[in-house]
Amino acid sequence: MFNQETLDKYSPLDNKVYQLMDDDGIPLSKSWKPSISKEQIMQAYKDLLFERTADFMAISYQRQGRMFTYPPNLGQEAIHIAAGMVMQENDWLVPAFRELGAWLAKGVSLREIFLYFKGNEDGSRFEKANRVLPVAVPIASQLVHAVGLGYAMNYQQEKAAVFAFVGDGGTSEGDFHEALNFAAVWNAPVVFIIQNNQFAISVPLKMQTKSINLAIKGIAYAVPSIVVDGNDLFAMQEVLAFARKHAIEGKGPMLIEARTFRMGAHTTSDDPTKYRTKDEEEEWALKDPLKRIKGYITAKKLMDFSGEEAMVKEFKKKIDLEFEAAEKHPEYPLDDVFAYMYQDMPSELKRQKNAYENYLQNKGGDQ
Ligand SMILES: Cc1ncc(C[n+]2csc(CCOP(=O)(O)OP(=O)(O)O)c2C)c(N)n1
Ligand SMILES: [Mg+2]
């Protein structure tokens, strides 16, 4: 199991990836045993399958013209499910925008997620989820918020952690560096998770950085950092559980580079065939996180998958109901978009509001 000694021996400069299973889900070491129960492993598999199903359905709602946009999670789910297993009720989730399974684990409803991608701000008003920040669209700005939360937790002597996500592209932003620096200075209990999915829209990692990996960026800030196989559910679960413990024991932040691949498009407005090769996609398909956890379950004879089709059918029904509920949700009042920033609305905002009202009128009031 990942422990302090493993961390002490690890250096991102060696450019090694912490990994427990091979591409078929077979443990790399005979002596390794999962630190989670059989029931938890099977639940993780189901959660992963649920995330994947909801993700496919979301893309199809968007294609039917029923949702404005959507960023697919395909291939990155093990990171989200592992984080979901580790995060506790009083921990904060600070998302980037591609962490569907982590949102669900924190109690955000699919209806709320769909509302958000339908452009309705009520999708950021979580009814049941405790301690989840809404999406901050300016890339990496959420990391600064995460450090502020961590600072506040220390100040209030709370024993909880902040799980903050960012993409590989986000590591080029100043906010990423400022956040790491002050998280270390303030000993803030923040677990930074970089989802390195190899691309920032069409920009490949090699055009983003000359560093040998992204975890080494933590060294300069004195933040313990590690590269983990993000498609290996067990490796992610172990490292995240350790990072949480590290944080709540007052040892400060950690930086985890979760190596993965965005198997789908950046968003539903993108076409990845324009900038990446089939070979690359096929190579990563071999490391698919769902395939790997199923490989483990099969090898250990924990369950068979004869019920999978029926399970997916049930999932789809549930997901459809959530989407229909989002469609029935009242439209967001236009005034709310413009009204609350200033006591007296400045002329520029008035102009924007007018322009939008005209646009809606020309569309027959139909958004
Ligand atoms: C400050 C800022 N610049 C540009 C954008 C437009 N934008 C949205 S997503 C994205 C790429 C993000 O890539 P990465 O951080 O790797 O996350 P991924 O989409 O791969 O999950 C960009 C450039 C933005 N939202 N904010
Ligand atoms: Mg990326």
# chains A, B, ... in the order shown; residues from 1 in each chain; ligands from 1
call {"tool": "residues_around", "arguments": {"residues": "A:Gln76", "least_positions_apart": "5", "cutoff": "7 Å", "atoms": "only C-alpha atoms", "output": "list in words"}}
result
Asn231, Thr260, Phe261 and Arg262 of chain A
call {"tool": "write_last_selection", "arguments": {"atoms": "N, CA and C atoms", "output": "compact mmCIF listing (two decimals), in the first residue's frame"}}
result
# COMPACT_ATOMS: atom_id res chain seq x y z
N ASN A 231 -5.41 5.71 -15.13
CA ASN A 231 -6.37 4.73 -15.62
C ASN A 231 -6.36 3.46 -14.77
N THR A 260 -3.51 10.12 -18.04
CA THR A 260 -4.68 9.52 -18.67
C THR A 260 -4.78 9.98 -20.12
N PHE A 261 -5.91 9.74 -20.72
CA PHE A 261 -6.13 10.16 -22.11
C PHE A 261 -7.60 10.49 -22.29
N ARG A 262 -7.84 11.64 -22.90
CA ARG A 262 -9.22 12.02 -23.20
C ARG A 262 -9.62 11.27 -24.47
call {"tool": "residues_near_ligand", "arguments": {"ligand": "ligand 2", "cutoff": "7 Å", "atoms": "only C-alpha atoms and all ligand atoms", "output": "PyMOL selection string"}}
result
chain A and resi 167-169+195-201
call {"tool": "write_last_selection", "arguments": {"atoms": "C-alpha atoms", "output": "short mmCIF file (atom, residue, chain, number, x, y, z; two decimals), in the first residue's frame"}}
result
data_model
loop_
_atom_site.label_atom_id
_atom_site.label_comp_id
_atom_site.auth_asym_id
_atom_site.auth_seq_id
_atom_site.Cartn_x
_atom_site.Cartn_y
_atom_site.Cartn_z
CA GLY A 167 -6.00 19.82 -16.58
CA ASP A 168 -2.54 19.52 -18.14
CA GLY A 169 -3.23 22.75 -20.02
CA GLN A 195 -5.77 15.24 -15.05
CA ASN A 196 -3.06 14.95 -17.67
CA ASN A 197 -5.19 13.77 -20.58
CA GLN A 198 -2.42 14.71 -23.07
CA PHE A 199 -4.28 17.58 -24.70
CA ALA A 200 -5.60 21.06 -23.99
CA ILE A 201 -8.24 21.20 -26.70
#
call {"tool": "residues_around", "arguments": {"residues": "A:Pro27", "least_positions_apart": "4", "cutoff": "12 Å", "atoms": "only C-alpha atoms", "output": "mmCIF file with N, CA and C atoms, in the first residue's frame"}}
result
data_model
loop_
_atom_site.group_PDB
_atom_site.id
_atom_site.type_symbol
_atom_site.label_atom_id
_atom_site.label_comp_id
_atom_site.auth_asym_id
_atom_site.auth_seq_id
_atom_site.Cartn_x
_atom_site.Cartn_y
_atom_site.Cartn_z
ATOM 1 N N GLN A 19 1.952 2.671 -10.466
ATOM 2 C CA GLN A 19 0.973 1.828 -11.160
ATOM 3 C C GLN A 19 0.884 0.498 -10.420
ATOM 4 N N LEU A 20 -0.304 -0.072 -10.317
ATOM 5 C CA LEU A 20 -0.468 -1.350 -9.613
ATOM 6 C C LEU A 20 -0.961 -2.474 -10.513
ATOM 7 N N MET A 21 -1.728 -2.114 -11.565
ATOM 8 C CA MET A 21 -2.260 -3.144 -12.478
ATOM 9 C C MET A 21 -1.673 -2.948 -13.869
ATOM 10 N N ASP A 22 -1.552 -4.044 -14.615
ATOM 11 C CA ASP A 22 -1.151 -3.886 -16.016
ATOM 12 C C ASP A 22 -2.387 -3.524 -16.864
ATOM 13 N N ASP A 23 -2.210 -3.474 -18.160
ATOM 14 C CA ASP A 23 -3.311 -3.022 -19.022
ATOM 15 C C ASP A 23 -4.508 -3.974 -19.012
ATOM 16 N N SER A 31 2.582 -9.841 -4.311
ATOM 17 C CA SER A 31 2.323 -9.627 -2.878
ATOM 18 C C SER A 31 1.319 -8.487 -2.632
ATOM 19 N N TRP A 32 0.992 -7.706 -3.665
ATOM 20 C CA TRP A 32 0.090 -6.561 -3.456
ATOM 21 C C TRP A 32 -1.358 -7.011 -3.245
ATOM 22 N N LYS A 33 -2.003 -6.399 -2.272
ATOM 23 C CA LYS A 33 -3.429 -6.665 -2.029
ATOM 24 C C LYS A 33 -4.162 -5.320 -2.008
ATOM 25 N N PRO A 34 -5.386 -5.280 -2.578
ATOM 26 C CA PRO A 34 -6.111 -4.002 -2.554
ATOM 27 C C PRO A 34 -6.392 -3.572 -1.108
ATOM 28 N N ASP A 232 -5.610 3.529 -13.667
ATOM 29 C CA ASP A 232 -5.486 2.404 -12.734
ATOM 30 C C ASP A 232 -6.236 2.798 -11.456
ATOM 31 N N LEU A 233 -7.441 2.270 -11.328
ATOM 32 C CA LEU A 233 -8.301 2.660 -10.212
ATOM 33 C C LEU A 233 -7.627 2.441 -8.857
ATOM 34 N N PHE A 234 -6.922 1.320 -8.715
ATOM 35 C CA PHE A 234 -6.293 1.012 -7.423
ATOM 36 C C PHE A 234 -5.163 1.988 -7.108
ATOM 37 N N ALA A 235 -4.343 2.277 -8.112
ATOM 38 C CA ALA A 235 -3.220 3.202 -7.886
ATOM 39 C C ALA A 235 -3.754 4.576 -7.490
ATOM 40 N N ARG A 292 -9.775 -2.371 -17.548
ATOM 41 C CA ARG A 292 -8.782 -2.853 -16.584
ATOM 42 C C ARG A 292 -9.421 -3.326 -15.284
ATOM 43 N N ILE A 293 -10.388 -2.579 -14.781
ATOM 44 C CA ILE A 293 -11.003 -3.014 -13.511
ATOM 45 C C ILE A 293 -11.839 -4.278 -13.758
ATOM 46 N N GLY A 295 -11.003 -6.517 -15.924
ATOM 47 C CA GLY A 295 -9.980 -7.570 -16.014
ATOM 48 C C GLY A 295 -9.599 -8.078 -14.637
ATOM 49 N N TYR A 296 -9.460 -7.157 -13.699
ATOM 50 C CA TYR A 296 -9.102 -7.546 -12.323
ATOM 51 C C TYR A 296 -10.227 -8.399 -11.712
ATOM 52 N N ILE A 297 -11.458 -7.900 -11.853
ATOM 53 C CA ILE A 297 -12.617 -8.595 -11.260
ATOM 54 C C ILE A 297 -12.759 -10.002 -11.862
ATOM 55 N N ALA A 299 -10.313 -11.851 -13.281
ATOM 56 C CA ALA A 299 -9.200 -12.716 -12.862
ATOM 57 C C ALA A 299 -9.403 -13.210 -11.438
ATOM 58 N N LYS A 300 -9.980 -12.363 -10.587
ATOM 59 C CA LYS A 300 -10.191 -12.735 -9.173
ATOM 60 C C LYS A 300 -11.540 -13.422 -8.962
#
call {"tool": "select_by_dssp", "arguments": {"residues": "stretch 124-333 of chain A", "states": "alpha helix (DSSP H)", "output": "number ranges by chain"}}
result
A: 141-155, 174-185, 233-246, 278-285, 289-299, 308-328
call {"tool": "atom_distance", "arguments": {"atom1": "atom CA of A:Met42", "atom2": "atom CA of A:Arg98"}}
result
23.3 Å
call {"tool": "atom_distance", "arguments": {"atom1": "atom CA of A:Met207", "atom2": "atom CA of A:Pro134"}}
result
29.3 Å
call {"tool": "residues_around", "arguments": {"residues": "A:Trp92", "least_positions_apart": "5", "cutoff": "9 Å", "atoms": "only C-alpha atoms", "output": "number ranges by chain"}}
result
A: 87, 130-133, 146, 149-150, 160-164
call {"tool": "residues_around", "arguments": {"residues": "A:Tyr155", "least_positions_apart": "4", "cutoff": "12 Å", "atoms": "only C-alpha atoms", "output": "ChimeraX atom specification"}}
result
/A:148-151,159,186-189,250
call {"tool": "write_last_selection", "arguments": {"atoms": "C-alpha atoms", "output": "compact mmCIF listing (two decimals), in the first residue's frame"}}
result
# COMPACT_ATOMS: atom_id res chain seq x y z
CA GLY A 148 -8.13 29.83 0.17
CA LEU A 149 -10.42 27.06 1.38
CA GLY A 150 -7.43 25.13 2.71
CA TYR A 151 -6.16 28.24 4.50
CA LYS A 159 -9.66 18.19 9.90
CA TRP A 186 0.44 28.02 4.33
CA ASN A 187 0.60 24.26 4.74
CA ALA A 188 -2.89 24.13 3.27
CA PRO A 189 -4.60 20.70 3.21
CA GLY A 250 -1.24 18.72 9.01
call {"tool": "residues_around", "arguments": {"residues": "A:Val191", "least_positions_apart": "5", "cutoff": "9 Å", "atoms": "only C-alpha atoms", "output": "list in words"}}
result
Ala161, Val162, Phe163, Ala164, Phe165, Leu240, Ala243, Arg244, Ala247, Gly252, Pro253, Met254, Leu255 and Ile256 of chain A
call {"tool": "residues_around", "arguments": {"residues": "A:Phe50", "least_positions_apart": "2", "cutoff": "12 Å", "atoms": "only C-alpha atoms", "output": "PyMOL selection string"}}
result
chain A and resi 43-48+52-57+73-74+77-78+80-81+100-102+104-105+110+290+308-309+311-319
call {"tool": "select_by_dssp", "arguments": {"residues": "stretch 76-172 of chain A", "states": "strand (DSSP E)", "output": "list in words"}}
result
Trp92, Leu93, Val94, Val162, Phe163, Ala164, Phe165, Val166 and Gly167 of chain A
call {"tool": "atom_distance", "arguments": {"atom1": "atom CA of A:Phe176", "atom2": "atom CA of A:Pro95"}}
result
13.6 Å
call {"tool": "decode", "arguments": {"residues": "stretch 18-166 of chain A", "atoms": "C-alpha atoms", "output": "compact mmCIF listing (two decimals), in the first residue's frame"}}
result
# COMPACT_ATOMS: atom_id res chain seq x y z
CA TYR A 18 2.98 4.75 -9.82
CA GLN A 19 0.97 1.83 -11.16
CA LEU A 20 -0.47 -1.35 -9.61
CA MET A 21 -2.26 -3.14 -12.48
CA ASP A 22 -1.15 -3.89 -16.02
CA ASP A 23 -3.31 -3.02 -19.02
CA ASP A 24 -5.40 -6.17 -18.49
CA GLY A 25 -6.03 -5.54 -14.80
CA ILE A 26 -3.48 -8.05 -13.54
CA PRO A 27 -1.58 -6.80 -10.43
CA LEU A 28 2.07 -6.12 -11.21
CA SER A 29 3.22 -7.52 -7.87
CA LYS A 30 2.13 -10.90 -6.46
CA SER A 31 2.32 -9.63 -2.88
CA TRP A 32 0.09 -6.56 -3.46
CA LYS A 33 -3.43 -6.67 -2.03
CA PRO A 34 -6.11 -4.00 -2.55
CA SER A 35 -6.68 -1.79 0.48
CA ILE A 36 -10.39 -1.66 -0.33
CA SER A 37 -12.93 -4.46 0.14
CA LYS A 38 -14.43 -6.68 -2.59
CA GLU A 39 -17.73 -4.83 -2.16
CA GLN A 40 -15.99 -1.50 -2.67
CA ILE A 41 -14.26 -2.80 -5.80
CA MET A 42 -17.55 -3.97 -7.29
CA GLN A 43 -19.22 -0.69 -6.34
CA ALA A 44 -16.36 1.20 -8.02
CA TYR A 45 -16.90 -0.83 -11.20
CA LYS A 46 -20.63 0.00 -11.14
CA ASP A 47 -19.96 3.70 -10.49
CA LEU A 48 -17.49 3.76 -13.36
CA LEU A 49 -20.02 2.14 -15.67
CA PHE A 50 -22.67 4.61 -14.50
CA GLU A 51 -20.40 7.57 -15.21
CA ARG A 52 -19.60 6.22 -18.65
CA THR A 53 -23.27 5.64 -19.45
CA ALA A 54 -24.29 9.11 -18.25
CA ASP A 55 -21.46 10.59 -20.28
CA PHE A 56 -22.59 8.88 -23.51
CA MET A 57 -26.18 9.93 -22.86
CA ALA A 58 -25.11 13.54 -22.25
CA ILE A 59 -23.35 13.64 -25.62
CA SER A 60 -26.45 12.27 -27.28
CA TYR A 61 -28.73 14.89 -25.60
CA GLN A 62 -26.38 17.56 -26.91
CA ARG A 63 -26.46 16.04 -30.40
CA GLN A 64 -30.27 16.10 -30.26
CA GLY A 65 -30.05 19.87 -29.69
CA ARG A 66 -31.32 19.59 -26.12
CA MET A 67 -28.15 20.82 -24.36
CA PHE A 68 -25.71 23.58 -25.43
CA THR A 69 -22.39 21.91 -24.85
CA TYR A 70 -20.75 19.04 -23.00
CA PRO A 71 -17.15 17.99 -22.16
CA PRO A 72 -16.84 14.18 -22.44
CA ASN A 73 -15.16 12.21 -19.63
CA LEU A 74 -14.53 9.00 -21.59
CA GLY A 75 -11.26 7.35 -20.50
CA GLN A 76 -10.73 9.49 -17.40
CA GLU A 77 -13.33 7.93 -15.12
CA ALA A 78 -11.01 5.96 -12.80
CA ILE A 79 -9.63 9.26 -11.46
CA HIS A 80 -13.13 10.48 -10.64
CA ILE A 81 -14.34 7.26 -9.08
CA ALA A 82 -11.19 6.93 -6.96
CA ALA A 83 -11.56 10.52 -5.75
CA GLY A 84 -15.22 9.80 -5.00
CA MET A 85 -14.21 6.84 -2.82
CA VAL A 86 -11.70 8.88 -0.87
CA MET A 87 -13.48 12.22 -0.40
CA GLN A 88 -15.47 12.56 2.79
CA GLU A 89 -18.60 14.58 3.51
CA ASN A 90 -16.64 17.48 5.04
CA ASP A 91 -13.97 17.59 2.30
CA TRP A 92 -14.23 20.18 -0.45
CA LEU A 93 -14.41 19.30 -4.13
CA VAL A 94 -13.03 22.06 -6.34
CA PRO A 95 -13.64 20.89 -9.90
CA ALA A 96 -12.17 21.94 -13.23
CA PHE A 97 -15.07 20.82 -15.46
CA ARG A 98 -14.35 17.21 -16.50
CA GLU A 99 -14.95 15.26 -13.28
CA LEU A 100 -18.44 13.82 -13.67
CA GLY A 101 -17.99 10.81 -11.34
CA ALA A 102 -16.44 12.96 -8.60
CA TRP A 103 -19.40 15.36 -8.71
CA LEU A 104 -21.85 12.48 -8.47
CA ALA A 105 -19.96 10.95 -5.54
CA LYS A 106 -20.23 14.26 -3.69
CA GLY A 107 -23.99 14.25 -4.15
CA VAL A 108 -24.37 16.65 -7.10
CA SER A 109 -27.36 15.39 -9.09
CA LEU A 110 -27.27 14.64 -12.80
CA ARG A 111 -30.22 17.01 -13.15
CA GLU A 112 -28.01 19.83 -11.83
CA ILE A 113 -25.12 18.86 -14.11
CA PHE A 114 -27.42 18.81 -17.13
CA LEU A 115 -28.90 22.17 -16.12
CA TYR A 116 -25.42 23.66 -16.01
CA PHE A 117 -24.62 22.48 -19.54
CA LYS A 118 -28.02 23.75 -20.68
CA GLY A 119 -26.77 27.18 -19.59
CA ASN A 120 -28.95 27.42 -16.50
CA GLU A 121 -27.18 28.85 -13.45
CA ASP A 122 -29.40 26.79 -11.15
CA GLY A 123 -27.13 23.92 -12.17
CA SER A 124 -24.49 25.46 -9.91
CA ARG A 125 -26.82 25.65 -6.93
CA PHE A 126 -26.34 22.18 -5.49
CA GLU A 127 -29.25 21.10 -3.34
CA LYS A 128 -27.73 18.08 -1.64
CA ALA A 129 -23.99 18.22 -2.30
CA ASN A 130 -21.98 19.45 0.63
CA ARG A 131 -18.87 21.50 -0.07
CA VAL A 132 -18.62 21.51 -3.86
CA LEU A 133 -17.56 24.68 -5.70
CA PRO A 134 -19.24 25.46 -9.02
CA VAL A 135 -17.18 25.28 -12.23
CA ALA A 136 -14.83 28.26 -12.60
CA VAL A 137 -14.54 28.73 -16.35
CA PRO A 138 -11.19 30.63 -16.42
CA ILE A 139 -8.80 27.68 -16.52
CA ALA A 140 -6.87 27.06 -13.25
CA SER A 141 -8.49 29.98 -11.37
CA GLN A 142 -10.23 27.38 -9.20
CA LEU A 143 -6.87 26.37 -7.70
CA VAL A 144 -6.49 29.72 -6.02
CA HIS A 145 -9.94 29.29 -4.50
CA ALA A 146 -8.93 25.81 -3.31
CA VAL A 147 -5.92 27.20 -1.46
CA GLY A 148 -8.13 29.83 0.17
CA LEU A 149 -10.42 27.06 1.38
CA GLY A 150 -7.43 25.13 2.71
CA TYR A 151 -6.16 28.24 4.50
CA ALA A 152 -9.59 28.69 6.09
CA MET A 153 -9.65 25.07 7.23
CA ASN A 154 -6.33 25.48 8.97
CA TYR A 155 -7.54 28.72 10.54
CA GLN A 156 -10.66 26.99 11.84
CA GLN A 157 -8.69 23.90 12.84
CA GLU A 158 -10.90 21.65 10.75
CA LYS A 159 -9.66 18.19 9.90
CA ALA A 160 -10.68 17.92 6.26
CA ALA A 161 -9.09 18.18 2.84
CA VAL A 162 -9.68 20.06 -0.40
CA PHE A 163 -9.61 18.03 -3.63
CA ALA A 164 -8.76 20.42 -6.44
CA PHE A 165 -8.73 19.43 -10.11
CA VAL A 166 -6.97 20.98 -13.08
